[in-house]
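Source file: model16.pdb. Holds: PDB, C-alpha atoms, pLDDT in the B column.
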```pdb
ATOM      1  CA  MET N   1       6.540 -38.649  17.882  1.00 43.00           C
ATOM      2  CA  THR N   2       5.770 -35.632  15.675  1.00 53.00           C
ATOM      3  CA  LYS N   3       3.414 -36.400  12.807  1.00 62.00           C
ATOM      4  CA  ARG N   4       4.535 -35.685   9.250  1.00 67.00           C
ATOM      5  CA  HIS N   5       1.398 -33.778   8.271  1.00 72.00           C
ATOM      6  CA  LEU N   6      -1.315 -31.563   9.741  1.00 82.00           C
ATOM      7  CA  PHE N   7      -5.044 -31.587   9.174  1.00 83.00           C
ATOM      8  CA  ALA N   8      -5.548 -28.567   6.924  1.00 81.00           C
ATOM      9  CA  LEU N   9      -8.384 -27.394   9.176  1.00 80.00           C
ATOM     10  CA  ASN N  10      -6.009 -27.389  12.171  1.00 83.00           C
ATOM     11  CA  ALA N  11      -3.259 -25.394  10.456  1.00 84.00           C
ATOM     12  CA  PRO N  12      -2.602 -21.792  11.580  1.00 85.00           C
ATOM     13  CA  ASN N  13      -5.282 -19.549  10.096  1.00 87.00           C
ATOM     14  CA  ASN N  14      -2.758 -17.252   8.398  1.00 88.00           C
ATOM     15  CA  TRP N  15      -1.210 -19.982   6.229  1.00 89.00           C
ATOM     16  CA  PRO N  16      -1.855 -19.435   2.482  1.00 88.00           C
ATOM     17  CA  ILE N  17      -3.849 -22.633   1.880  1.00 84.00           C
ATOM     18  CA  LYS N  18      -7.301 -23.636   0.678  1.00 80.00           C
ATOM     19  CA  ARG N  19      -8.541 -25.627   3.629  1.00 74.00           C
ATOM     20  CA  LYS N  20     -11.610 -27.098   1.953  1.00 72.00           C
ATOM     21  CA  GLU N  21      -9.611 -28.504  -0.971  1.00 74.00           C
ATOM     22  CA  TYR N  22      -7.070 -30.493   1.055  1.00 73.00           C
ATOM     23  CA  LYS N  23      -7.404 -32.823   4.019  1.00 81.00           C
ATOM     24  CA  TRP N  24      -3.694 -32.741   4.901  1.00 84.00           C
ATOM     25  CA  ILE N  25      -1.033 -30.061   4.739  1.00 85.00           C
ATOM     26  CA  VAL N  26       2.740 -30.199   5.229  1.00 88.00           C
ATOM     27  CA  ARG N  27       3.958 -29.788   8.825  1.00 90.00           C
ATOM     28  CA  PRO N  28       7.104 -27.678   9.409  1.00 91.00           C
ATOM     29  CA  SER N  29      10.224 -29.500  10.544  1.00 89.00           C
ATOM     30  CA  PRO N  30      11.253 -28.872  14.178  1.00 86.00           C
ATOM     31  CA  GLY N  31      13.202 -25.636  14.425  1.00 82.00           C
ATOM     32  CA  PRO N  32      13.597 -22.286  16.170  1.00 82.00           C
ATOM     33  CA  HIS N  33      10.134 -20.965  15.266  1.00 86.00           C
ATOM     34  CA  PRO N  34       6.944 -22.318  16.916  1.00 85.00           C
ATOM     35  CA  LEU N  35       4.223 -23.751  14.664  1.00 85.00           C
ATOM     36  CA  LYS N  36       1.950 -20.723  15.051  1.00 84.00           C
ATOM     37  CA  ARG N  37       4.719 -18.318  14.034  1.00 86.00           C
ATOM     38  CA  CYS N  38       6.326 -20.094  11.106  1.00 91.00           C
ATOM     39  CA  LEU N  39       5.621 -21.167   7.565  1.00 94.00           C
ATOM     40  CA  PRO N  40       6.927 -24.377   5.915  1.00 94.00           C
ATOM     41  CA  LEU N  41       9.131 -23.577   2.931  1.00 95.00           C
ATOM     42  CA  LYS N  42       6.773 -25.412   0.574  1.00 95.00           C
ATOM     43  CA  LEU N  43       3.922 -23.010   1.389  1.00 94.00           C
ATOM     44  CA  LEU N  44       6.197 -20.018   0.944  1.00 95.00           C
ATOM     45  CA  ILE N  45       7.099 -21.206  -2.568  1.00 95.00           C
ATOM     46  CA  THR N  46       3.591 -22.276  -3.607  1.00 94.00           C
ATOM     47  CA  GLY N  47       1.350 -19.857  -1.705  1.00 92.00           C
ATOM     48  CA  ILE N  48       3.316 -16.601  -1.540  1.00 94.00           C
ATOM     49  CA  LEU N  49       6.071 -16.642  -4.158  1.00 93.00           C
ATOM     50  CA  ASN N  50       3.882 -18.673  -6.566  1.00 92.00           C
ATOM     51  CA  HIS N  51       6.961 -20.330  -8.079  1.00 93.00           C
ATOM     52  CA  ALA N  52       5.472 -23.838  -7.973  1.00 93.00           C
ATOM     53  CA  LYS N  53       2.101 -25.607  -7.817  1.00 91.00           C
ATOM     54  CA  ASN N  54       2.906 -28.845  -5.974  1.00 91.00           C
ATOM     55  CA  SER N  55       5.520 -30.723  -3.945  1.00 91.00           C
ATOM     56  CA  ARG N  56       7.138 -32.198  -7.046  1.00 95.00           C
ATOM     57  CA  GLU N  57       7.841 -28.762  -8.508  1.00 96.00           C
ATOM     58  CA  VAL N  58       9.050 -27.483  -5.122  1.00 96.00           C
ATOM     59  CA  ARG N  59      11.528 -30.368  -4.809  1.00 95.00           C
ATOM     60  CA  LYS N  60      12.884 -29.584  -8.269  1.00 96.00           C
ATOM     61  CA  ILE N  61      13.487 -25.953  -7.275  1.00 96.00           C
ATOM     62  CA  LEU N  62      15.191 -26.969  -4.035  1.00 96.00           C
ATOM     63  CA  LYS N  63      17.321 -29.605  -5.751  1.00 95.00           C
ATOM     64  CA  ASN N  64      18.788 -26.853  -7.932  1.00 95.00           C
ATOM     65  CA  ASN N  65      19.888 -24.894  -4.829  1.00 95.00           C
ATOM     66  CA  GLU N  66      17.519 -22.057  -5.757  1.00 95.00           C
ATOM     67  CA  ILE N  67      16.408 -21.078  -2.242  1.00 96.00           C
ATOM     68  CA  ILE N  68      18.760 -19.546   0.310  1.00 96.00           C
ATOM     69  CA  ILE N  69      17.457 -18.853   3.817  1.00 95.00           C
ATOM     70  CA  ASN N  70      19.549 -16.649   6.107  1.00 93.00           C
ATOM     71  CA  ASP N  71      22.605 -17.128   3.872  1.00 91.00           C
ATOM     72  CA  LYS N  72      22.292 -20.945   3.769  1.00 93.00           C
ATOM     73  CA  VAL N  73      21.021 -23.155   0.932  1.00 96.00           C
ATOM     74  CA  VAL N  74      17.903 -25.063   2.063  1.00 95.00           C
ATOM     75  CA  LYS N  75      16.642 -28.274   0.445  1.00 95.00           C
ATOM     76  CA  ASP N  76      14.010 -29.338   2.984  1.00 95.00           C
ATOM     77  CA  LEU N  77      10.530 -28.353   1.781  1.00 95.00           C
ATOM     78  CA  LYS N  78       9.343 -28.527   5.412  1.00 94.00           C
ATOM     79  CA  PHE N  79      11.981 -26.067   6.612  1.00 95.00           C
ATOM     80  CA  PRO N  80      10.310 -23.576   9.042  1.00 94.00           C
ATOM     81  CA  ILE N  81      10.619 -19.914   8.068  1.00 95.00           C
ATOM     82  CA  GLY N  82       9.756 -17.230  10.608  1.00 93.00           C
ATOM     83  CA  ILE N  83       9.551 -13.500  11.161  1.00 92.00           C
ATOM     84  CA  MET N  84      12.630 -11.533  10.030  1.00 93.00           C
ATOM     85  CA  ASP N  85      14.097 -14.493   8.131  1.00 95.00           C
ATOM     86  CA  HIS N  86      15.762 -13.632   4.832  1.00 95.00           C
ATOM     87  CA  ILE N  87      14.872 -15.451   1.625  1.00 95.00           C
ATOM     88  CA  GLU N  88      17.017 -15.288  -1.501  1.00 95.00           C
ATOM     89  CA  ILE N  89      15.919 -16.610  -4.926  1.00 95.00           C
ATOM     90  CA  LYS N  90      19.189 -17.452  -6.645  1.00 92.00           C
ATOM     91  CA  SER N  91      18.012 -17.506 -10.289  1.00 90.00           C
ATOM     92  CA  THR N  92      16.248 -14.133 -10.115  1.00 91.00           C
ATOM     93  CA  ASN N  93      18.673 -12.533  -7.631  1.00 92.00           C
ATOM     94  CA  GLU N  94      15.744 -11.413  -5.483  1.00 94.00           C
ATOM     95  CA  HIS N  95      15.939 -10.894  -1.719  1.00 95.00           C
ATOM     96  CA  PHE N  96      13.030 -10.786   0.724  1.00 95.00           C
ATOM     97  CA  ARG N  97      12.333 -10.471   4.441  1.00 94.00           C
ATOM     98  CA  LEU N  98       9.330 -12.261   5.969  1.00 94.00           C
ATOM     99  CA  PHE N  99       6.778 -10.473   8.169  1.00 92.00           C
ATOM    100  CA  ILE N 100       3.284 -10.984   9.483  1.00 92.00           C
ATOM    101  CA  ASN N 101       1.264  -7.844   8.805  1.00 90.00           C
ATOM    102  CA  GLU N 102      -1.471  -6.145  10.831  1.00 89.00           C
ATOM    103  CA  HIS N 103      -4.098  -8.322   9.121  1.00 90.00           C
ATOM    104  CA  ASN N 104      -2.354 -11.505  10.346  1.00 90.00           C
ATOM    105  CA  LYS N 105      -1.116 -12.430   6.869  1.00 91.00           C
ATOM    106  CA  TYR N 106       2.383 -13.426   5.859  1.00 93.00           C
ATOM    107  CA  GLN N 107       4.041 -10.800   3.719  1.00 93.00           C
ATOM    108  CA  LEU N 108       7.362 -10.676   1.872  1.00 93.00           C
ATOM    109  CA  ARG N 109       9.169  -7.361   1.693  1.00 92.00           C
ATOM    110  CA  LYS N 110      11.767  -6.943  -1.000  1.00 91.00           C
ATOM    111  CA  LYS N 111      15.312  -5.992   0.024  1.00 90.00           C
ATOM    112  CA  ASN N 112      18.517  -5.274  -1.858  1.00 89.00           C
ATOM    113  CA  LYS N 113      21.584  -7.498  -1.751  1.00 86.00           C
ATOM    114  CA  GLU N 114      23.359  -5.429   0.904  1.00 87.00           C
ATOM    115  CA  GLU N 115      20.330  -5.376   3.212  1.00 87.00           C
ATOM    116  CA  ALA N 116      20.005  -9.142   2.812  1.00 87.00           C
ATOM    117  CA  LYS N 117      23.412  -9.634   4.456  1.00 90.00           C
ATOM    118  CA  LEU N 118      22.055  -8.224   7.727  1.00 92.00           C
ATOM    119  CA  LYS N 119      19.454  -9.841   9.978  1.00 94.00           C
ATOM    120  CA  LEU N 120      17.489  -8.438  12.893  1.00 94.00           C
ATOM    121  CA  CYS N 121      17.315 -10.739  15.922  1.00 95.00           C
ATOM    122  CA  LYS N 122      15.646 -10.254  19.284  1.00 96.00           C
ATOM    123  CA  ILE N 123      17.505 -11.302  22.439  1.00 97.00           C
ATOM    124  CA  ILE N 124      15.216 -13.690  24.319  1.00 95.00           C
ATOM    125  CA  ASN N 125      17.703 -14.799  26.989  1.00 95.00           C
ATOM    126  CA  LYS N 126      21.349 -14.598  27.965  1.00 94.00           C
ATOM    127  CA  LYS N 127      23.763 -16.676  30.033  1.00 93.00           C
ATOM    128  CA  ILE N 128      27.074 -15.945  31.735  1.00 90.00           C
ATOM    129  CA  LEU N 129      29.641 -18.601  30.802  1.00 90.00           C
ATOM    130  CA  LYS N 130      33.144 -19.283  32.081  1.00 84.00           C
ATOM    131  CA  LYS N 131      35.695 -16.454  32.090  1.00 82.00           C
ATOM    132  CA  GLY N 132      32.912 -13.884  32.101  1.00 83.00           C
ATOM    133  CA  ILE N 133      31.854 -14.499  28.514  1.00 90.00           C
ATOM    134  CA  THR N 134      28.163 -13.820  27.829  1.00 93.00           C
ATOM    135  CA  GLN N 135      26.051 -15.959  25.507  1.00 95.00           C
ATOM    136  CA  LEU N 136      23.100 -14.232  23.860  1.00 95.00           C
ATOM    137  CA  ASN N 137      20.182 -16.496  22.935  1.00 95.00           C
ATOM    138  CA  LEU N 138      18.378 -15.031  19.949  1.00 95.00           C
ATOM    139  CA  TYR N 139      14.833 -15.251  18.605  1.00 92.00           C
ATOM    140  CA  ASP N 140      15.791 -17.428  15.612  1.00 90.00           C
ATOM    141  CA  GLY N 141      17.633 -20.076  17.670  1.00 89.00           C
ATOM    142  CA  ARG N 142      21.033 -18.515  17.067  1.00 91.00           C
ATOM    143  CA  ASN N 143      23.535 -18.106  19.928  1.00 93.00           C
ATOM    144  CA  ILE N 144      26.277 -15.477  19.927  1.00 93.00           C
ATOM    145  CA  LEU N 145      29.141 -14.996  22.388  1.00 92.00           C
ATOM    146  CA  VAL N 146      30.099 -11.466  23.452  1.00 92.00           C
ATOM    147  CA  ASP N 147      32.922 -10.245  25.682  1.00 85.00           C
ATOM    148  CA  LYS N 148      31.275  -7.009  26.783  1.00 84.00           C
ATOM    149  CA  ASP N 149      27.845  -7.498  28.323  1.00 84.00           C
ATOM    150  CA  SER N 150      25.976  -4.321  27.407  1.00 91.00           C
ATOM    151  CA  TYR N 151      22.897  -6.238  26.209  1.00 95.00           C
ATOM    152  CA  LYS N 152      19.564  -6.849  27.923  1.00 95.00           C
ATOM    153  CA  THR N 153      16.861  -9.426  27.289  1.00 95.00           C
ATOM    154  CA  GLY N 154      14.345  -7.781  24.965  1.00 96.00           C
ATOM    155  CA  ASP N 155      16.930  -5.727  23.077  1.00 97.00           C
ATOM    156  CA  SER N 156      17.620  -6.484  19.423  1.00 97.00           C
ATOM    157  CA  VAL N 157      20.871  -6.925  17.536  1.00 96.00           C
ATOM    158  CA  ILE N 158      21.670  -6.720  13.839  1.00 95.00           C
ATOM    159  CA  ILE N 159      23.746  -9.693  12.684  1.00 95.00           C
ATOM    160  CA  ASP N 160      26.092  -9.874   9.711  1.00 94.00           C
ATOM    161  CA  LEU N 161      25.013 -13.270   8.327  1.00 92.00           C
ATOM    162  CA  GLU N 162      28.273 -13.901   6.495  1.00 90.00           C
ATOM    163  CA  LYS N 163      30.435 -13.302   9.573  1.00 89.00           C
ATOM    164  CA  ASN N 164      27.853 -14.273  12.236  1.00 88.00           C
ATOM    165  CA  LYS N 165      28.846 -11.083  14.023  1.00 91.00           C
ATOM    166  CA  ILE N 166      26.890  -8.306  15.735  1.00 94.00           C
ATOM    167  CA  VAL N 167      27.146  -5.023  13.850  1.00 94.00           C
ATOM    168  CA  SER N 168      24.517  -2.995  15.737  1.00 94.00           C
ATOM    169  CA  HIS N 169      22.619  -2.981  19.036  1.00 96.00           C
ATOM    170  CA  LEU N 170      19.026  -1.676  19.347  1.00 96.00           C
ATOM    171  CA  LYS N 171      17.832  -1.114  22.915  1.00 96.00           C
ATOM    172  CA  LEU N 172      14.295  -1.725  24.153  1.00 96.00           C
ATOM    173  CA  GLU N 173      13.634   1.685  25.661  1.00 95.00           C
ATOM    174  CA  LYS N 174      11.459   4.786  25.339  1.00 95.00           C
ATOM    175  CA  ASP N 175      11.382   6.167  21.753  1.00 94.00           C
ATOM    176  CA  ALA N 176      12.561   2.823  20.323  1.00 96.00           C
ATOM    177  CA  PHE N 177      10.745   1.752  17.150  1.00 95.00           C
ATOM    178  CA  VAL N 178       9.122  -1.647  17.708  1.00 96.00           C
ATOM    179  CA  TYR N 179       7.222  -4.302  15.769  1.00 96.00           C
ATOM    180  CA  LEU N 180       4.724  -6.328  17.816  1.00 95.00           C
ATOM    181  CA  ILE N 181       5.060 -10.122  17.625  1.00 94.00           C
ATOM    182  CA  GLY N 182       2.301 -11.212  19.983  1.00 92.00           C
ATOM    183  CA  GLY N 183      -1.129 -10.375  21.330  1.00 91.00           C
ATOM    184  CA  LYS N 184      -4.119  -8.902  19.514  1.00 91.00           C
ATOM    185  CA  TYR N 185      -1.975  -6.169  17.938  1.00 93.00           C
ATOM    186  CA  PHE N 186       0.401  -8.640  16.258  1.00 93.00           C
ATOM    187  CA  GLY N 187       1.954  -6.989  13.195  1.00 92.00           C
ATOM    188  CA  SER N 188       1.473  -3.400  14.367  1.00 93.00           C
ATOM    189  CA  TYR N 189       4.468  -1.131  14.766  1.00 92.00           C
ATOM    190  CA  GLY N 190       5.330   2.272  16.165  1.00 94.00           C
ATOM    191  CA  LYS N 191       7.509   4.232  18.582  1.00 94.00           C
ATOM    192  CA  ILE N 192       7.384   3.446  22.312  1.00 95.00           C
ATOM    193  CA  GLU N 193       5.907   6.365  24.242  1.00 95.00           C
ATOM    194  CA  SER N 194       6.321   4.823  27.692  1.00 96.00           C
ATOM    195  CA  ILE N 195       7.290   1.623  29.475  1.00 95.00           C
ATOM    196  CA  ILE N 196       4.926   0.731  32.313  1.00 92.00           C
ATOM    197  CA  SER N 197       6.553  -1.297  35.076  1.00 88.00           C
ATOM    198  CA  LYS N 198       4.277  -3.368  37.302  1.00 79.00           C
ATOM    199  CA  LYS N 199       4.691  -4.440  40.895  1.00 80.00           C
ATOM    200  CA  GLY N 200       5.041  -8.055  41.939  1.00 78.00           C
ATOM    201  CA  LEU N 201       4.589 -10.754  39.307  1.00 84.00           C
ATOM    202  CA  GLN N 202       2.609  -8.612  36.875  1.00 87.00           C
ATOM    203  CA  PRO N 203       4.400  -8.275  33.510  1.00 91.00           C
ATOM    204  CA  ALA N 204       5.630  -4.897  32.297  1.00 94.00           C
ATOM    205  CA  LYS N 205       3.735  -3.175  29.495  1.00 95.00           C
ATOM    206  CA  ILE N 206       4.510  -0.621  26.808  1.00 96.00           C
ATOM    207  CA  SER N 207       2.445   2.146  25.281  1.00 96.00           C
ATOM    208  CA  LEU N 208       2.888   3.174  21.661  1.00 94.00           C
ATOM    209  CA  LYS N 209       1.087   4.912  18.846  1.00 89.00           C
ATOM    210  CA  SER N 210       0.563   2.996  15.603  1.00 88.00           C
ATOM    211  CA  ASN N 211      -1.191   4.648  12.643  1.00 84.00           C
ATOM    212  CA  ASP N 212      -3.012   7.117  14.924  1.00 84.00           C
ATOM    213  CA  LYS N 213      -4.114   4.240  17.181  1.00 88.00           C
ATOM    214  CA  GLN N 214      -3.017   4.149  20.815  1.00 93.00           C
ATOM    215  CA  ILE N 215      -1.815   0.696  21.858  1.00 94.00           C
ATOM    216  CA  GLU N 216      -0.960  -0.761  25.247  1.00 95.00           C
ATOM    217  CA  THR N 217       0.458  -4.262  25.227  1.00 95.00           C
ATOM    218  CA  LEU N 218       2.956  -6.509  27.002  1.00 96.00           C
ATOM    219  CA  LYS N 219       6.586  -5.456  26.832  1.00 96.00           C
ATOM    220  CA  GLU N 220       7.576  -9.006  25.872  1.00 95.00           C
ATOM    221  CA  TYR N 221       5.704  -8.622  22.549  1.00 96.00           C
ATOM    222  CA  ALA N 222       7.984  -5.774  21.430  1.00 96.00           C
ATOM    223  CA  PHE N 223      10.637  -6.536  18.801  1.00 97.00           C
ATOM    224  CA  VAL N 224      12.940  -3.515  18.445  1.00 97.00           C
ATOM    225  CA  VAL N 225      13.637  -2.809  14.771  1.00 94.00           C
ATOM    226  CA  SER N 226      15.105  -0.040  12.652  1.00 88.00           C
ATOM    227  CA  GLN N 227      12.409   1.975  10.872  1.00 78.00           C
ATOM    228  CA  ASP N 228      13.735   1.081   7.423  1.00 74.00           C
ATOM    229  CA  ALA N 229      13.362  -2.641   8.252  1.00 70.00           C
ATOM    230  CA  LEU N 230       9.618  -2.331   7.686  1.00 66.00           C
ATOM    231  CA  LYS N 231       9.827  -0.590   4.334  1.00 59.00           C
ATOM    232  CA  VAL N 232       8.403  -2.573   1.418  1.00 53.00           C
TER     233      VAL N 232
END
```

Now that the file is in, can you turn its structure into structure tokens?
Amino acid sequence: MTKRHLFALNAPNNWPIKRKEYKWIVRPSPGPHPLKRCLPLKLLITGILNHAKNSREVRKILKNNEIIINDKVVKDLKFPIGIMDHIEIKSTNEHFRLFINEHNKYQLRKKNKEEAKLKLCKIINKKILKKGITQLNLYDGRNILVDKDSYKTGDSVIIDLEKNKIVSHLKLEKDAFVYLIGGKYFGSYGKIESIISKKGLQPAKISLKSNDKQIETLKEYAFVVSQDALKV
């Protein structure tokens, strides 16, 4: 059975907490994002947004339907928030997208209301269902059915959150702009210069240039994004 709390010393090192001041810290509820790549909503409100100081104040904010995640009101202070999730603050009419930057720190990037209606999702798997319908399994736990299968695992799609509909398809290919979500270059981004296929069971790699730094990493770490998605 999953424990309700974590030892603060065992929490992911990029969480915005003071480890020596607290023995325990809130554990995220089970969800689409793994523990090492998510942030419980309480820590987002207290440690990044700085809208509250403790659980009592966080509960008051959530009770008033102030926080909207990916177009849905959230009242669970343990709700797990991950990369590319959208956060809306109802009272201030502010919209943000969550990232992990090159220094392994969570960062909110402000977006306008129109941008907040669209969400980038990576395709992590797909299945062929009855009558030839394809189900895309996305990075945030979402599943979408498509009639025309022009998508590949590793590609990204842009979802209209209100309609739960794909509005754009971004292919994982040469010259695609990618954000890295794994490995020692987590948080870096740049344009793919080449895709290096390996023989046998060896995983494919990509080569890209990020801020004048040449990077070679696993292809599976690439999250295809539009260049404006990373603008602050």

Long-range neighbours of Gly47 of chain N as a PyMOL selection string, 12 Å cut-off, only C-alpha atoms, 6 positions minimum in chain: chain N and resi 14-18+39-41+53-55+58+105-108

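For the pair atom CA of Ile68 of chain N and atom CA of Arg97 of chain N, the separation is 11.9 Å.
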
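Taking atom CA of Asn10 of chain N as the reference point, atom CA of Ile61 of chain N is found at 27.6 Å.
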
query: Where does the PyMOL selection byres ((chain N and resi 168) around 8) land in this file, that is, which residues does it pick, as a ChimeraX atom specification?
result: /N:157-159,166-167,169-170

- request: Check what the PyMOL selection byres ((chain N and resi 195-204) around 9) selects in the file above and give those residues as a PyMOL selection string.
  value: chain N and resi 173-174+192-194+205-207+217-220

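Nearest residue to Leu145 of chain N among N:Lys42, N:Lys127, N:Lys111, N:Lys78 is N:Lys127, counting all atoms listed in the file.
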
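Comparing N:Pro12, N:Gly82, N:Gly154, N:Gly141 by their smallest distance to Cys38 of chain N, the closest is N:Gly82 (using only C-alpha atoms).
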
query: Quick one: which residues end up in the PyMOL selection byres ((chain N and resi 23-34) around 9) for this structure, as a ChimeraX atom specification?
result: /N:2-9,11,17,19-22,35-43,76-83,139-142

- prompt: From the set N:Asp147, N:Lys113, N:Ala176, N:Glu66, which residue has the shortest atom-to-atom contact distance to Lys130 of chain N, counting only C-alpha atoms?
  reply: N:Asp147

What would segment 123-141 of chain N look like with N, CA and C atoms restored, written as a PDB file, in the frame of the given file?
```pdb
ATOM      1  N   ILE N 123      16.868 -10.541  21.356  1.00 97.00           N
ATOM      2  CA  ILE N 123      17.505 -11.302  22.439  1.00 97.00           C
ATOM      3  C   ILE N 123      16.402 -11.811  23.370  1.00 97.00           C
ATOM      4  N   ILE N 124      16.268 -13.127  23.469  1.00 95.00           N
ATOM      5  CA  ILE N 124      15.216 -13.690  24.319  1.00 95.00           C
ATOM      6  C   ILE N 124      15.755 -14.210  25.656  1.00 95.00           C
ATOM      7  N   ASN N 125      17.093 -14.346  25.737  1.00 95.00           N
ATOM      8  CA  ASN N 125      17.703 -14.799  26.989  1.00 95.00           C
ATOM      9  C   ASN N 125      19.212 -14.586  26.889  1.00 95.00           C
ATOM     10  N   LYS N 126      19.886 -14.655  28.000  1.00 94.00           N
ATOM     11  CA  LYS N 126      21.349 -14.598  27.965  1.00 94.00           C
ATOM     12  C   LYS N 126      21.906 -15.363  29.158  1.00 94.00           C
ATOM     13  N   LYS N 127      23.127 -15.871  28.993  1.00 93.00           N
ATOM     14  CA  LYS N 127      23.763 -16.676  30.033  1.00 93.00           C
ATOM     15  C   LYS N 127      25.212 -16.222  30.207  1.00 93.00           C
ATOM     16  N   ILE N 128      25.677 -16.251  31.454  1.00 90.00           N
ATOM     17  CA  ILE N 128      27.074 -15.945  31.735  1.00 90.00           C
ATOM     18  C   ILE N 128      27.850 -17.259  31.766  1.00 90.00           C
ATOM     19  N   LEU N 129      28.832 -17.388  30.890  1.00 90.00           N
ATOM     20  CA  LEU N 129      29.641 -18.601  30.802  1.00 90.00           C
ATOM     21  C   LEU N 129      30.958 -18.409  31.547  1.00 90.00           C
ATOM     22  N   LYS N 130      31.844 -19.358  31.416  1.00 84.00           N
ATOM     23  CA  LYS N 130      33.144 -19.283  32.081  1.00 84.00           C
ATOM     24  C   LYS N 130      33.948 -18.093  31.564  1.00 84.00           C
ATOM     25  N   LYS N 131      34.811 -17.581  32.418  1.00 82.00           N
ATOM     26  CA  LYS N 131      35.695 -16.454  32.090  1.00 82.00           C
ATOM     27  C   LYS N 131      34.923 -15.177  31.765  1.00 82.00           C
ATOM     28  N   GLY N 132      33.686 -15.100  32.261  1.00 83.00           N
ATOM     29  CA  GLY N 132      32.912 -13.884  32.101  1.00 83.00           C
ATOM     30  C   GLY N 132      32.344 -13.646  30.720  1.00 83.00           C
ATOM     31  N   ILE N 133      32.405 -14.644  29.861  1.00 90.00           N
ATOM     32  CA  ILE N 133      31.854 -14.499  28.514  1.00 90.00           C
ATOM     33  C   ILE N 133      30.331 -14.645  28.578  1.00 90.00           C
ATOM     34  N   THR N 134      29.623 -13.794  27.847  1.00 93.00           N
ATOM     35  CA  THR N 134      28.163 -13.820  27.829  1.00 93.00           C
ATOM     36  C   THR N 134      27.655 -14.449  26.539  1.00 93.00           C
ATOM     37  N   GLN N 135      26.701 -15.349  26.671  1.00 95.00           N
ATOM     38  CA  GLN N 135      26.051 -15.959  25.507  1.00 95.00           C
ATOM     39  C   GLN N 135      24.664 -15.363  25.344  1.00 95.00           C
ATOM     40  N   LEU N 136      24.413 -14.773  24.173  1.00 95.00           N
ATOM     41  CA  LEU N 136      23.100 -14.232  23.860  1.00 95.00           C
ATOM     42  C   LEU N 136      22.295 -15.277  23.112  1.00 95.00           C
ATOM     43  N   ASN N 137      21.090 -15.560  23.604  1.00 95.00           N
ATOM     44  CA  ASN N 137      20.182 -16.496  22.935  1.00 95.00           C
ATOM     45  C   ASN N 137      19.176 -15.676  22.141  1.00 95.00           C
ATOM     46  N   LEU N 138      19.156 -15.882  20.836  1.00 95.00           N
ATOM     47  CA  LEU N 138      18.378 -15.031  19.949  1.00 95.00           C
ATOM     48  C   LEU N 138      17.087 -15.694  19.482  1.00 95.00           C
ATOM     49  N   TYR N 139      16.193 -14.873  19.002  1.00 92.00           N
ATOM     50  CA  TYR N 139      14.833 -15.251  18.605  1.00 92.00           C
ATOM     51  C   TYR N 139      14.786 -16.368  17.569  1.00 92.00           C
ATOM     52  N   ASP N 140      15.793 -16.438  16.698  1.00 90.00           N
ATOM     53  CA  ASP N 140      15.791 -17.428  15.612  1.00 90.00           C
ATOM     54  C   ASP N 140      16.598 -18.677  15.950  1.00 90.00           C
ATOM     55  N   GLY N 141      16.898 -18.892  17.246  1.00 89.00           N
ATOM     56  CA  GLY N 141      17.633 -20.076  17.670  1.00 89.00           C
ATOM     57  C   GLY N 141      19.132 -19.915  17.639  1.00 89.00           C
TER      58      GLY N 141
END
```
